[in-house]
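Engineer: Input: one structure, supplied below.
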Amino acid sequence: MQINVDHSINSGQVFLWEKFGTKKWYGVNGADILLVDESNPKKVQSYQKSSCDLFREKDDFDKIIKTISKDKIIKKAIKEFPGLRLLRQDPFQCYISFIVSANSNIQNIRHTLQRLAKKFGDKVTFDKKEFYLFPEPKRLASATKAELLSCGLGYRAPFVKDAAIQVVDGWIDFDHLKKADYHAAKESLIQVYGIGNKVADCILLFSLEKLEAFPLDRWIIRSLQQYYPQRFSFEGKTITDKKYRLLHEQIVQHFGPYAGYCQQFLFKMIREANQKNWL
DNA sequence: TACTAACCTGTACG
DNA sequence: ACGTACAGGTTAG
């Protein structure tokens with residue numbers, strides 16, 4: 001089954017990627033830089049010469065697509081954006097990125113993360129280009145408030161520092177969370193100052209192997225209201241803890257254990273329909 | 001438990 | 001120009 005690099009990178013999962021020319025994407029992934037050439041996406045090159053399975057090629061994509069094709073809407077989304085994949089990200093980078101993403105927009109998130117990487121990450125040269133690796137936990141944990149504010153974090157500055165400290169101190173252990181089940185892992189993440197339901201689900205889906213995670217953000221809510229007014233209806237404007245849980249249960253019941261893939265297709269579709277910008 | 005307002009920052013709109 | 005709204009939410013009350 002094919003991989004569509006553009007669709008996958010431009011679907012709100014990652015922020016520190018940049019296209020050079022018409023075919024080459026370079027991206028920061030933790031302590032690594034990745035290079036994806038659209039003419040051969042299965043050969044991802046890496047600064048660390050590591051094999052990270054960026055496109056989750058070990059997932060049985062055909063089977064997953066079959067499993068999640070439960071209704072007309074999702075079939076349309078899959079047809080409209082073929083080869084859209086979930087990307088497997090570095091957990092710490094993903095964790096910080098989505099804390100930074102709260103109540104912000106893609107351009108802003110990207111800019112802030114770039115400044116964080118430049119200020120706290122190591123500079124490396126790869127394929128004759130310069131990059132800044134994503135900062136290590138200890139660097140962010142020991143950052144001063146003023147340094148973090150200078151990156152444009154605003155009120156999220158203490159969130160980022162505290163979240164990094166949780167990792168350094170071992171209260172958040174990504175290898176452990178990968179092995180835990182969805183609910184247990186989510187419960188741990190929610191404890192972190194600055195992480196709520198939505199951010200936790202992003203981290204779980206994009207970096208901790210929890211494919212039943214289904215981040216419910218503004219756009220997905222909009223898409224559910226627009227496309228599934230009967231099936232996933234809910235009252236009120238705000239989405240409370242309880243409503244979030246209930247809605248997630250209904251979603252997994254409908255789409256099954258790979259619901260996270262559906263979220264990605266629906267998110268891509270609703271944003272494209274509203275002509276929103278990507279990277 | 002459920003609901004609201006306030007919140008840094010940057011940009012797009014009138 | 002300059003105010004206002006809003007953006008992939010979360011927290012505190």
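So you can find residues: chains in the structure tokens are A, B, ... in the order shown, residues in each start at 1, and ligands are numbered from 1 in order.
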Report the residues of stretch 20-132 of chain A whose backbone DSSP state falls under alpha helix (DSSP H), written as a PyMOL selection string.
Structural biologist: chain A and resi 61-68+72-80+91-100+106-120
Engineer: Set the distance at 12 Å and use only C-alpha atoms (C1' of nucleotides): which residues neighbour stretch 8-10 of chain B once local chain neighbours fewer than 4 positions away are removed? I'd like the list as a list in words.
Structural biologist: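 Near neighbours after the sequence-gap exclusion: Val100, Ala102, Asn103, Ser104, Asn105, Ile106, Gln107, Asn108, Ile109, Arg110, His111, Thr112, Leu148, Leu149, Ser150, Cys151, Gly152, Leu153, Gly154, Tyr155, Arg156, Ala157 and Pro158 of chain A; DC6 and DA7 of chain C.
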Engineer: Can you tell me which residues surround C:DT10 at a distance of at most 8 Å, considering only C-alpha atoms (C1' of nucleotides), apart from same-chain residues fewer than 6 positions away, and format the answer as a PDB file with C-alpha atoms, in the first residue's frame?
Structural biologist:
```pdb
ATOM      1  CA  ALA A 102      -2.796  24.152  23.418  1.00  0.00           C
ATOM      2  CA  GLY A 194      -0.596  21.505  31.191  1.00  0.00           C
ATOM      3  CA  ILE A 195      -1.849  18.178  29.848  1.00  0.00           C
ATOM      4  CA  GLY A 196      -5.585  17.616  29.530  1.00  0.00           C
TER       5      GLY A 196
END
```
Engineer: Could you give me the residues within stretch 55-254 of chain A that DSSP places in strand (DSSP E), as a list of chain:residue names?
Structural biologist: A:Lys123, A:Val124, A:Thr125, A:Phe126, A:Lys129, A:Glu130, A:Phe131, A:Tyr132
Engineer: Given the selection you just returned, output its residues as a file containing C-alpha atoms, formatted as a compact mmCIF listing (two decimals), in the first residue's frame.
Structural biologist:
```txt
# COMPACT_ATOMS: atom_id res chain seq x y z
CA LYS A 123 23.19 22.03 16.18
CA VAL A 124 24.04 19.30 13.69
CA THR A 125 24.82 19.09 10.00
CA PHE A 126 23.03 16.50 7.92
CA LYS A 129 22.23 21.38 5.90
CA GLU A 130 22.11 22.67 9.46
CA PHE A 131 19.48 21.54 11.93
CA TYR A 132 18.78 21.83 15.63
```
Engineer: Here is a test: counting only C-alpha atoms (C1' of nucleotides), which residue of A:Val168, A:Leu113, A:Val192, A:Ile9 is nearest to C:DT11?
Structural biologist: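 Nearest to C:DT11: A:Val192.
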Engineer: Just the residues within 12 Å of stretch 2-4 of chain B, please, counting only C-alpha atoms (C1' of nucleotides), with nothing from its chain fewer than 6 positions along; format it as a tab-separated table (two decimals) with C-alpha atoms (C1' of nucleotides), in the first residue's frame.
Structural biologist:
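Everything below was put into part_8.tsv:
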```tsv
chain	number	residue	atom	x	y	z
A	236	GLY	CA	-23.64	22.16	25.24
A	237	LYS	CA	-20.71	24.08	23.92
A	238	THR	CA	-17.97	22.98	26.22
A	239	ILE	CA	-16.70	19.47	26.36
A	240	THR	CA	-16.37	18.33	29.94
A	241	ASP	CA	-14.32	15.46	31.23
A	242	LYS	CA	-17.32	13.19	31.34
A	243	LYS	CA	-18.54	14.10	27.87
C	11	DT	C1'	-6.52	25.44	34.72
C	12	DA	C1'	-8.56	27.62	38.59
C	13	DG	C1'	-12.65	29.10	40.69
```
Engineer: So how many Å separate atom CA of A:Val36 and atom CA of A:Asp60, to one decimal?
Structural biologist: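 Between these atoms lies a distance of 20.8 Å.
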Engineer: Write out as a PyMOL selection string the residues lying within 12 Å of A:Tyr244, counting only C-alpha atoms (C1' of nucleotides) and excluding same-chain residues fewer than 2 positions away.
Structural biologist: chain A and resi 196-198+201+213-217+221+232-235+238-242+246-251
